[in-house]
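Source file: protein-v3.csv. Holds: CSV, C-alpha atoms.
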chain,number,residue,atom,x,y,z
A,1,MET,CA,179.2,177.0,140.2
A,2,ARG,CA,181.0,178.2,143.3
A,3,THR,CA,183.3,175.2,143.3
A,4,GLY,CA,183.5,174.9,139.5
A,5,TRP,CA,185.6,178.1,139.2
A,6,MET,CA,188.3,176.3,141.3
A,7,MET,CA,188.6,173.6,138.7
A,8,THR,CA,188.8,176.3,136.0
A,9,ALA,CA,191.6,177.9,137.9
A,10,SER,CA,193.4,174.6,138.1
A,11,GLY,CA,193.2,174.0,134.3
A,12,TRP,CA,194.2,177.6,133.7
A,13,SER,CA,197.3,177.3,135.8
A,14,ALA,CA,198.4,174.2,133.9
A,15,ASN,CA,198.1,175.6,130.4
A,16,GLN,CA,199.2,179.2,130.9
A,17,PHE,CA,202.8,177.9,131.1
A,18,SER,CA,202.3,175.6,128.0
A,19,ALA,CA,201.6,178.6,125.8
A,20,LEU,CA,204.7,180.3,126.9
A,21,LEU,CA,207.2,177.6,126.0
A,22,GLY,CA,208.4,179.3,122.9
A,23,ALA,CA,208.5,182.7,124.7
A,24,TYR,CA,210.8,181.2,127.4
A,25,ARG,CA,213.2,180.1,124.6
A,26,SER,CA,213.2,183.4,122.8
A,27,GLU,CA,212.8,185.9,125.8
A,28,LEU,CA,214.9,184.1,128.5
A,29,GLY,CA,217.2,182.0,126.3
A,30,LEU,CA,216.2,178.6,127.8
A,31,SER,CA,216.9,175.6,125.7
A,32,GLN,CA,214.3,173.3,124.2
A,33,SER,CA,215.2,170.5,126.7
A,34,ALA,CA,215.0,173.0,129.6
A,35,VAL,CA,211.5,174.2,128.8
A,36,THR,CA,210.3,170.7,128.0
A,37,GLY,CA,211.7,169.6,131.4
A,38,LEU,CA,209.9,172.4,133.1
A,39,PHE,CA,206.7,171.3,131.4
A,40,ALA,CA,207.2,167.7,132.7
A,41,LEU,CA,208.1,169.0,136.2
A,42,TYR,CA,204.4,169.9,136.5
A,43,VAL,CA,203.5,166.2,136.3
A,44,VAL,CA,206.2,165.3,138.8
A,45,GLY,CA,204.5,167.5,141.4
A,46,LEU,CA,201.0,166.6,140.3
A,47,VAL,CA,201.2,162.8,141.0
A,48,PRO,CA,202.0,163.2,144.8
A,49,GLY,CA,199.4,165.9,145.0
A,50,LEU,CA,196.8,163.6,143.5
A,51,LEU,CA,197.8,160.5,145.6
A,52,ILE,CA,197.8,162.5,148.8
A,53,GLY,CA,195.0,164.9,148.1
A,54,GLY,CA,192.4,162.2,147.2
A,55,PRO,CA,192.6,160.1,150.4
A,56,LEU,CA,193.0,163.2,152.5
A,57,ALA,CA,189.8,164.7,151.1
A,58,ASP,CA,187.9,161.4,151.9
A,59,ARG,CA,189.1,161.6,155.5
A,60,ARG,CA,189.1,165.3,156.2
A,61,GLY,CA,186.5,166.6,153.9
A,62,ARG,CA,186.5,168.1,150.4
A,63,ARG,CA,186.4,171.8,151.4
A,64,PRO,CA,189.6,172.2,153.5
A,65,VAL,CA,191.7,170.2,151.1
A,66,ALA,CA,190.4,172.0,148.0
A,67,LEU,CA,190.7,175.5,149.5
A,68,THR,CA,194.3,174.8,150.8
A,69,ALA,CA,195.3,173.5,147.3
A,70,LEU,CA,193.9,176.5,145.6
A,71,ALA,CA,195.8,178.9,147.9
A,72,VAL,CA,199.1,177.0,147.0
A,73,ASN,CA,198.1,177.1,143.4
A,74,LEU,CA,197.9,180.9,143.6
A,75,LEU,CA,201.3,181.0,145.3
A,76,SER,CA,202.8,178.9,142.6
A,77,THR,CA,201.8,181.4,139.9
A,78,CYS,CA,203.4,184.2,141.9
A,79,LEU,CA,206.6,182.1,141.9
A,80,LEU,CA,206.4,181.8,138.1
A,81,MET,CA,206.0,185.5,137.8
A,82,ALA,CA,209.2,185.9,139.9
A,83,GLY,CA,210.8,183.6,137.4
A,84,SER,CA,210.9,186.4,134.8
A,85,ALA,CA,213.6,188.1,136.9
A,86,ALA,CA,215.4,184.9,138.2
A,87,THR,CA,214.8,181.7,136.3
A,88,ALA,CA,215.5,179.6,139.4
A,89,TRP,CA,212.0,180.4,140.7
A,90,LEU,CA,210.5,178.6,137.7
A,91,LEU,CA,211.5,175.2,139.3
A,92,PRO,CA,209.5,175.5,142.6
A,93,GLY,CA,206.8,177.4,140.7
A,94,ARG,CA,206.2,174.6,138.3
A,95,PHE,CA,206.5,171.9,141.0
A,96,LEU,CA,204.0,173.6,143.3
A,97,THR,CA,201.7,174.2,140.4
A,98,GLY,CA,201.6,170.4,139.9
A,99,VAL,CA,201.2,169.6,143.6
A,100,SER,CA,198.4,172.1,144.1
A,101,ALA,CA,196.6,171.2,140.8
A,102,GLY,CA,196.8,167.5,141.8
A,103,ALA,CA,195.2,168.0,145.2
A,104,LEU,CA,192.7,170.4,143.7
A,105,LEU,CA,191.7,167.9,141.0
A,106,ALA,CA,191.2,165.1,143.5
A,107,ALA,CA,189.3,167.0,146.2
A,108,GLY,CA,187.6,169.5,143.8
A,109,SER,CA,186.4,166.8,141.4
A,110,ALA,CA,184.7,164.9,144.2
A,111,TRP,CA,183.3,168.2,145.6
A,112,VAL,CA,181.8,169.4,142.3
A,113,LYS,CA,180.4,165.9,141.6
A,114,GLU,CA,178.7,165.6,145.0
A,115,LEU,CA,177.3,169.2,144.8
A,116,SER,CA,175.8,168.3,141.4
A,117,CYS,CA,173.8,165.4,142.9
A,118,PRO,CA,170.9,165.2,145.5
A,119,PRO,CA,170.3,166.7,148.0
A,120,TYR,CA,172.1,169.7,146.6
A,121,VAL,CA,170.6,169.4,143.1
A,122,PRO,CA,167.3,167.5,143.3
A,123,GLN,CA,167.3,166.4,139.7
A,124,GLY,CA,171.0,165.8,139.4
A,125,ALA,CA,172.1,162.8,137.2
A,126,PRO,CA,175.1,160.8,138.3
A,127,GLY,CA,176.6,160.6,134.8
A,128,ALA,CA,176.3,164.3,134.2
A,129,ALA,CA,177.6,165.1,137.6
A,130,ALA,CA,180.7,162.9,137.1
A,131,ARG,CA,181.5,164.7,133.8
A,132,ARG,CA,181.1,168.2,135.1
A,133,PRO,CA,184.5,168.6,136.8
A,134,GLY,CA,186.1,167.8,133.4
A,135,LEU,CA,184.1,170.5,131.7
A,136,PHE,CA,185.3,173.1,134.2
A,137,VAL,CA,188.9,171.9,133.9
A,138,SER,CA,188.7,172.0,130.1
A,139,ALA,CA,187.4,175.5,130.2
A,140,GLY,CA,190.5,176.5,132.1
A,141,PHE,CA,192.7,174.7,129.7
A,142,ALA,CA,191.2,176.4,126.7
A,143,SER,CA,191.2,179.9,128.0
A,144,GLY,CA,194.4,180.0,130.1
A,145,GLY,CA,196.9,179.3,127.4
A,146,LEU,CA,195.3,181.6,124.9
A,147,ALA,CA,195.1,184.5,127.4
A,148,ALA,CA,198.7,184.0,128.4
A,149,ALA,CA,199.9,183.9,124.8
A,150,LEU,CA,198.0,187.1,123.8
A,151,ILE,CA,199.3,189.0,126.8
A,152,ALA,CA,202.9,187.8,126.2
A,153,GLN,CA,202.7,188.9,122.5
A,154,TRP,CA,201.6,192.5,123.0
A,155,LEU,CA,202.0,193.6,126.7
A,156,PRO,CA,205.2,194.7,128.4
A,157,TYR,CA,207.1,192.3,130.7
A,158,PRO,CA,205.4,189.3,129.1
A,159,MET,CA,206.9,186.6,131.4
A,160,ALA,CA,205.3,188.3,134.4
A,161,THR,CA,202.1,190.0,133.1
A,162,ALA,CA,200.9,186.8,131.3
A,163,TYR,CA,200.2,185.2,134.8
A,164,VAL,CA,198.2,188.1,136.2
A,165,PRO,CA,194.8,186.8,134.9
A,166,HIS,CA,195.3,183.5,136.9
A,167,VAL,CA,196.1,185.4,140.0
A,168,VAL,CA,192.8,187.3,139.8
A,169,LEU,CA,190.9,184.1,138.8
A,170,ALA,CA,192.3,182.0,141.6
A,171,ALA,CA,191.7,184.6,144.2
A,172,ALA,CA,188.1,185.1,143.1
A,173,ALA,CA,187.6,181.3,142.9
A,174,TRP,CA,188.8,180.9,146.5
A,175,VAL,CA,186.4,183.5,147.8
A,176,LEU,CA,183.5,181.9,146.0
A,177,ALA,CA,184.3,178.4,147.0
A,178,TYR,CA,184.7,179.4,150.7
A,179,ARG,CA,180.9,179.8,150.9
A,180,ALA,CA,180.1,176.4,149.4
A,181,PRO,CA,178.9,173.7,151.7
A,182,GLU,CA,181.0,170.6,152.7
A,183,THR,CA,179.6,167.4,151.2
A,184,ARG,CA,181.6,164.9,153.3
A,185,ARG,CA,182.2,165.1,157.0
A,186,PRO,CA,185.6,164.0,158.5
A,187,THR,CA,185.7,160.4,159.5
A,188,ALA,CA,184.7,160.2,163.2
A,189,ARG,CA,185.9,157.7,165.7
A,190,VAL,CA,183.4,155.7,167.8
A,191,ALA,CA,183.2,157.3,171.2
A,192,SER,CA,184.0,155.0,174.1
A,193,ALA,CA,180.7,156.0,175.8
A,194,GLU,CA,178.8,154.3,173.0
A,195,ARG,CA,180.3,151.0,173.8
A,196,PRO,CA,178.2,148.6,176.0
A,197,ALA,CA,179.4,148.3,179.6
A,198,ALA,CA,181.0,145.0,180.5
A,199,GLY,CA,178.8,144.5,183.5
A,200,GLY,CA,175.5,145.4,181.7
A,201,ASP,CA,172.6,143.1,180.7
A,202,ARG,CA,173.9,140.2,178.6
A,203,ALA,CA,171.2,140.3,176.1
A,204,ALA,CA,171.6,144.0,175.5
A,205,VAL,CA,175.4,143.5,175.1
A,206,ASP,CA,174.8,140.7,172.5
A,207,ALA,CA,172.3,142.8,170.6
A,208,SER,CA,174.7,145.7,170.6
A,209,VAL,CA,177.6,143.5,169.4
A,210,SER,CA,175.4,142.1,166.6
A,211,ALA,CA,174.3,145.5,165.6
A,212,ALA,CA,177.9,146.7,165.5
A,213,ALA,CA,179.0,143.7,163.4
A,214,ALA,CA,176.1,144.4,161.0
A,215,ALA,CA,177.0,148.0,160.8
A,216,ALA,CA,180.7,147.1,160.2
A,217,ALA,CA,179.8,144.7,157.4
A,218,ALA,CA,177.5,147.3,155.8
A,219,ALA,CA,180.4,149.9,156.0
A,220,VAL,CA,182.7,147.5,154.2
A,221,VAL,CA,180.2,147.0,151.4
A,222,ALA,CA,179.6,150.8,151.2
A,223,THR,CA,183.3,151.5,150.8
A,224,ALA,CA,184.2,148.7,148.4
A,225,VAL,CA,185.7,149.9,145.1
A,226,ASP,CA,185.0,148.0,141.9
A,227,TRP,CA,188.7,147.5,141.2
A,228,SER,CA,188.1,145.1,138.3
A,229,ARG,CA,186.1,147.8,136.4
A,230,PHE,CA,188.7,150.4,137.2
A,231,ARG,CA,191.6,148.2,135.9
A,232,ARG,CA,189.8,147.0,132.8
A,233,ALA,CA,188.0,150.2,131.7
A,234,VAL,CA,189.8,153.1,133.2
A,235,LEU,CA,193.6,152.4,133.4
A,236,PRO,CA,194.2,151.4,129.7
A,237,LEU,CA,192.5,154.6,128.5
A,238,ALA,CA,193.7,157.1,131.1
A,239,PRO,CA,197.2,157.9,129.8
A,240,TRP,CA,195.7,158.9,126.4
A,241,VAL,CA,193.5,161.5,128.1
A,242,PHE,CA,196.4,164.0,128.4
A,243,ALA,CA,198.9,162.4,126.0
A,244,ALA,CA,196.7,163.6,123.1
A,245,PRO,CA,196.4,167.3,124.1
A,246,ALA,CA,200.0,167.4,125.3
A,247,ILE,CA,201.2,166.5,121.8
A,248,GLY,CA,198.7,168.9,120.3
A,249,PHE,CA,199.7,172.0,122.2
A,250,ALA,CA,203.3,171.2,123.5
A,251,THR,CA,204.9,169.2,120.8
A,252,LEU,CA,203.3,170.2,117.4
A,253,PRO,CA,203.7,174.0,117.7
A,254,GLY,CA,207.4,173.7,118.1
A,255,LEU,CA,207.7,171.5,115.0
A,256,VAL,CA,205.8,173.7,112.6
A,257,ASP,CA,206.5,177.3,113.8
A,258,GLY,CA,209.7,177.8,111.7
A,259,GLY,CA,207.9,180.2,109.3
A,260,LEU,CA,206.0,182.1,112.0
A,261,THR,CA,208.6,184.6,113.0
A,262,GLY,CA,207.1,187.1,115.4
A,263,TRP,CA,203.9,185.1,115.8
A,264,ARG,CA,205.1,181.9,117.5
A,265,THR,CA,203.7,182.7,120.9
A,266,VAL,CA,200.2,183.6,119.5
A,267,TYR,CA,200.2,180.4,117.4
A,268,ALA,CA,201.1,178.4,120.6
A,269,GLY,CA,198.3,180.1,122.4
A,270,ILE,CA,195.8,179.3,119.7
A,271,ALA,CA,196.9,175.6,119.8
A,272,THR,CA,196.4,175.5,123.6
A,273,ALA,CA,192.9,176.9,123.1
A,274,VAL,CA,191.9,174.7,120.1
A,275,VAL,CA,192.8,171.4,121.8
A,276,PRO,CA,190.7,171.7,125.0
A,277,GLY,CA,188.1,173.8,123.1
A,278,CYS,CA,187.3,170.9,120.8
A,279,GLY,CA,187.2,168.7,123.9
A,280,LEU,CA,184.4,170.9,125.2
A,281,LEU,CA,182.6,171.0,121.9
A,282,VAL,CA,182.3,167.2,121.7
A,283,GLN,CA,180.7,166.8,125.1
A,284,PRO,CA,177.0,166.8,123.9
A,285,LEU,CA,178.0,164.0,121.5
A,286,ALA,CA,179.8,162.2,124.3
A,287,ARG,CA,176.7,162.2,126.4
A,288,ARG,CA,174.6,160.7,123.6
A,289,LEU,CA,177.2,158.1,122.9
A,290,ALA,CA,177.3,157.1,126.6
A,291,VAL,CA,173.5,156.6,126.6
A,292,ARG,CA,173.7,154.3,123.6
A,293,ASN,CA,176.7,152.2,124.7
A,294,ARG,CA,179.0,152.2,127.7
A,295,PHE,CA,182.2,151.9,125.7
A,296,ALA,CA,181.2,154.0,122.7
A,297,THR,CA,182.7,157.2,124.2
A,298,ALA,CA,186.1,155.4,124.8
A,299,SER,CA,186.1,154.0,121.2
A,300,ALA,CA,185.3,157.5,119.8
A,301,GLY,CA,188.1,159.1,121.9
A,302,LEU,CA,190.8,156.6,120.9
A,303,GLY,CA,189.6,156.7,117.2
A,304,ALA,CA,189.9,160.5,117.2
A,305,ILE,CA,193.4,160.3,118.8
A,306,THR,CA,194.5,157.8,116.2
A,307,ILE,CA,193.3,160.1,113.4
A,308,GLY,CA,194.9,163.2,115.1
A,309,LEU,CA,198.3,161.5,115.4
A,310,ALA,CA,198.1,160.3,111.8
A,311,LEU,CA,197.4,163.9,110.6
A,312,ALA,CA,200.3,165.1,112.8
A,313,VAL,CA,202.8,163.0,110.8
A,314,PRO,CA,202.6,165.0,107.5
A,315,ALA,CA,202.1,168.3,109.5
A,316,ALA,CA,205.4,167.7,111.3
A,317,ALA,CA,207.2,166.3,108.2
A,318,ALA,CA,206.3,169.3,106.0
A,319,ALA,CA,206.2,171.9,108.8
A,320,GLN,CA,202.6,172.9,108.0
A,321,PRO,CA,201.1,175.1,110.8
A,322,ALA,CA,197.5,174.9,109.4
A,323,LEU,CA,197.5,171.1,109.2
A,324,ALA,CA,199.1,170.9,112.7
A,325,LEU,CA,196.1,172.9,114.0
A,326,VAL,CA,193.7,170.5,112.3
A,327,ALA,CA,195.6,167.6,113.9
A,328,ALA,CA,195.5,169.4,117.3
A,329,ALA,CA,191.7,169.9,117.0
A,330,VAL,CA,191.1,166.2,116.3
A,331,LEU,CA,193.4,165.3,119.2
A,332,GLY,CA,191.4,167.7,121.3
A,333,ALA,CA,188.2,165.9,120.4
A,334,GLY,CA,189.7,162.6,121.4
A,335,TYR,CA,190.7,164.2,124.7
A,336,GLY,CA,187.1,165.3,125.3
A,337,PHE,CA,185.7,161.8,124.6
A,338,ALA,CA,188.4,160.1,126.7
A,339,LEU,CA,188.0,162.4,129.6
A,340,SER,CA,184.3,162.1,129.7
A,341,PHE,CA,184.5,158.3,129.7
A,342,GLY,CA,187.3,158.1,132.3
A,343,LEU,CA,185.5,160.4,134.8
A,344,THR,CA,182.2,158.6,134.4
A,345,GLU,CA,183.8,155.1,134.8
A,346,ALA,CA,185.9,156.2,137.8
A,347,ALA,CA,182.8,157.6,139.5
A,348,ALA,CA,180.8,154.4,138.8
A,349,ALA,CA,183.6,152.2,140.3
A,350,ALA,CA,183.8,154.3,143.5
A,351,PRO,CA,181.4,154.4,146.5
A,352,PRO,CA,180.9,157.9,148.0
A,353,ALA,CA,183.3,157.2,150.8
A,354,ARG,CA,186.2,156.5,148.3
A,355,LEU,CA,185.2,158.9,145.5
A,356,ALA,CA,188.1,161.4,145.9
A,357,MET,CA,190.6,158.6,146.2
A,358,VAL,CA,189.5,156.7,143.1
A,359,THR,CA,189.2,160.0,141.2
A,360,SER,CA,192.7,160.9,142.2
A,361,LEU,CA,194.0,157.6,140.8
A,362,PHE,CA,192.3,158.3,137.5
A,363,TRP,CA,193.8,161.8,137.3
A,364,THR,CA,197.2,160.4,138.2
A,365,ALA,CA,197.1,157.8,135.4
A,366,ALA,CA,195.7,160.4,133.0
A,367,TYR,CA,198.4,163.0,133.7
A,368,LEU,CA,201.2,160.5,133.1
A,369,GLY,CA,200.4,161.3,129.5
A,370,MET,CA,201.7,164.8,130.0
A,371,LEU,CA,205.2,163.2,130.1
A,372,VAL,CA,204.9,162.2,126.4
A,373,PRO,CA,206.3,165.5,125.0
A,374,TYR,CA,209.4,165.0,127.1
A,375,ALA,CA,209.7,161.4,126.1
A,376,LEU,CA,209.4,162.4,122.4
A,377,THR,CA,212.1,165.0,122.8
A,378,LEU,CA,214.5,162.3,124.3
A,379,LEU,CA,213.6,159.7,121.6
A,380,SER,CA,214.0,162.2,118.8
A,381,ARG,CA,217.8,161.8,119.2
A,382,TRP,CA,217.4,158.4,117.5
A,383,TRP,CA,214.2,158.7,115.4
A,384,SER,CA,212.5,161.6,113.7
A,385,MET,CA,209.4,163.2,115.1
A,386,PRO,CA,207.2,162.0,112.2
A,387,VAL,CA,208.3,158.4,112.8
A,388,LEU,CA,207.5,158.8,116.5
A,389,LEU,CA,204.1,160.3,115.8
A,390,ALA,CA,203.3,157.5,113.4
A,391,ALA,CA,204.2,155.0,116.1
A,392,GLY,CA,201.9,156.8,118.5
A,393,ALA,CA,199.1,156.5,116.0
A,394,VAL,CA,199.6,152.7,115.7
A,395,LEU,CA,199.6,152.4,119.5
A,396,ALA,CA,196.4,154.3,119.8
A,397,ALA,CA,194.8,152.2,117.1
A,398,LEU,CA,195.8,149.0,119.0
A,399,THR,CA,194.4,150.4,122.3
A,400,CYS,CA,191.1,151.2,120.4
A,401,GLY,CA,191.0,147.6,119.2
A,402,ALA,CA,191.5,146.3,122.7
A,403,PHE,CA,188.6,148.4,123.9
A,404,ALA,CA,186.4,147.0,121.1
A,405,ALA,CA,187.3,143.5,122.3
A,406,LEU,CA,186.6,144.5,125.9
A,407,HIS,CA,183.2,145.7,124.8
A,408,ARG,CA,182.4,142.4,123.0
A,409,THR,CA,183.4,140.5,126.1
A,410,ALA,CA,181.3,142.6,128.4
A,411,GLU,CA,178.3,142.2,126.0
A,412,ALA,CA,178.8,138.4,126.0
A,413,ASP,CA,178.9,138.3,129.8
A,414,ARG,CA,175.8,140.3,130.0
A,415,THR,CA,174.0,138.1,127.5
A,416,ARG,CA,175.0,134.9,129.5
A,417,ALA,CA,173.8,136.5,132.7
Go ahead and express the file in the form of structure tokens.
Amino acid sequence: MRTGWMMTASGWSANQFSALLGAYRSELGLSQSAVTGLFALYVVGLVPGLLIGGPLADRRGRRPVALTALAVNLLSTCLLMAGSAATAWLLPGRFLTGVSAGALLAAGSAWVKELSCPPYVPQGAPGAAARRPGLFVSAGFASGGLAAALIAQWLPYPMATAYVPHVVLAAAAWVLAYRAPETRRPTARVASAERPAAGGDRAAVDASVSAAAAAAAAAVVATAVDWSRFRRAVLPLAPWVFAAPAIGFATLPGLVDGGLTGWRTVYAGIATAVVPGCGLLVQPLARRLAVRNRFATASAGLGAITIGLALAVPAAAAAQPALALVAAAVLGAGYGFALSFGLTEAAAAAPPARLAMVTSLFWTAAYLGMLVPYALTLLSRWWSMPVLLAAGAVLAALTCGAFAALHRTAEADRTRA
């Protein structure tokens, strides 16, 4: 729990801005392309944060990387608060939010997962431990956007006060995590004193060399990543993990809020809560599906995303806020299933020594889906949004079919074995 609050703070920092996209247009006069670009800038910072933070956490330890990332995450929110007075601060604020959230996801996910397993939790199960970081992040996603929207709707200086809860949460999370134990020690170099002397007993030297060779071979095996499993099971699904919720809370509200004058910010906040909230609600079902079949959770996630996008088509065409919320809820359920499957498969493919690195690669591929709203905005110059959403539904259905074929192939290989 001490480290879990860090993950909640990371999710909160990502979604508090998403709920304010409409407010930035109305309060500060930013264009739709400007606010969508700021939304995408988070991903631009997040990718290097993930790719650097994961390997660094494997080498230097989870604790220093995660605590440093959380401190930068707190700083980024302060810059966003300053953006209410000078919009230029929004650029570094969003970029640092992405960098810090990426490093925190990579190091924090590995830290939470390892603290949820023996010897820290005697009865910890690897599957549940791998899914736990996603639960904490989803809790932050669900609460951060709603809280920011409600504050922005009714409190003064909304573009600044909406960020105050995250400042408090991040500071408290840092204090709590500071007391948590390190789960992986920094990689140590072999001391020269441990090497056998050149003039020593020949048999002792040979035995020492053989033991060193055996230890090196064991170390190679212990750090080998199952890249085949990662490429076949994780990478095809990963972009859908955040493409679905991004459409649900960043794209749909702007398409259907024409008749919500005065309530657009609250509606956007409700959407940002509904999407990850449904992702949390489906977790018990995701666990049961995972026990029955390895690929069932992935198929359920992609199936829900397909249905959610299909519902989004008439919602966008007729500007129906209620139907858009239903579509967002179904997309959120798909997000929950997909995230559960992705984290479990990434952890299964990674040895302990490479866990943060492999987890960071999964989060990187997943967060590329956050660029979808920006891509949709660009493509809407040539095609209408309902057409683009329908194309997304077809693509999700094709991906679901590919996973079903993968499941059949895996079952056939296991039968032959």
### Message
Residues within 6 Å of stretch 328-340 of chain A, please, as a ChimeraX atom specification. Count all atoms listed in the file; anything in the same chain fewer than 3 positions from it doesn't count.
### Response
/A:131,241,244-245,248,274-276,278-279,286,297-298,301,304-305,308,325,343
### Task
Please indicate the distance in Å from atom CA of A:Tyr367 to atom CA of A:Ala103, rounded to one decimal place.
12.9 Å
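Between A:Gly11 and the residues A:Thr399, A:Ser31, A:Thr306, A:Ser100, the shortest atom-to-atom distance, using only C-alpha atoms, involves A:Ser100.
Closest to A:Gly53 among A:Gly22, A:Gly98, A:Pro92, A:Pro236 is A:Gly98, based on all atoms listed in the file.
You can rank A:Ala310, A:Ala66, A:Ala316, A:Ala348 by their closest distance to A:Ala390 using only C-alpha atoms, and at the top of that list sits A:Ala310.
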### Query
What does the distance between atom CA of A:Ala171 and atom CA of A:Leu155 come to in Å, to one decimal place?
22.2 Å
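The space between atom CA of A:Ala365 and atom CA of A:Phe141 spans 18.4 Å.
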### Task
Identify, on the basis of only C-alpha atoms, every residue whose closest approach to A:Gly108 does not exceed 8 Å; exclude the query and any residue fewer than 2 positions from it along the same chain; express the result as an MDAnalysis selection string.
chainID A and resid 3 6:7 62 66 103:106 110:112 133
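Excluding stretch 173-175 of chain A itself and any same-chain residue fewer than 5 positions from it, the protein and nucleic acid residues within 9 Å of it, counting all atoms listed in the file, are A:Arg2, A:Thr3, A:Gly4, A:Trp5, A:Met6, A:Met7, A:Thr8, A:Ala9, A:Leu67, A:Leu70, A:Ala71, A:Val168.
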### Task
Step by step: start from the point (206.0, 169.3, 112.9) in the file's coordinates, keep every protein, DNA or RNA residue that has an atom no farther than 9 Å from it, count all atoms listed in the file, and write the set as a list in words.
Thr251, Leu252, Pro253, Gly254, Leu255, Val256, Asp257, Ala312, Val313, Pro314, Ala315, Ala316, Ala317, Ala318, Ala319, Gln320, Pro321, Ala324, Met385 and Pro386 of chain A
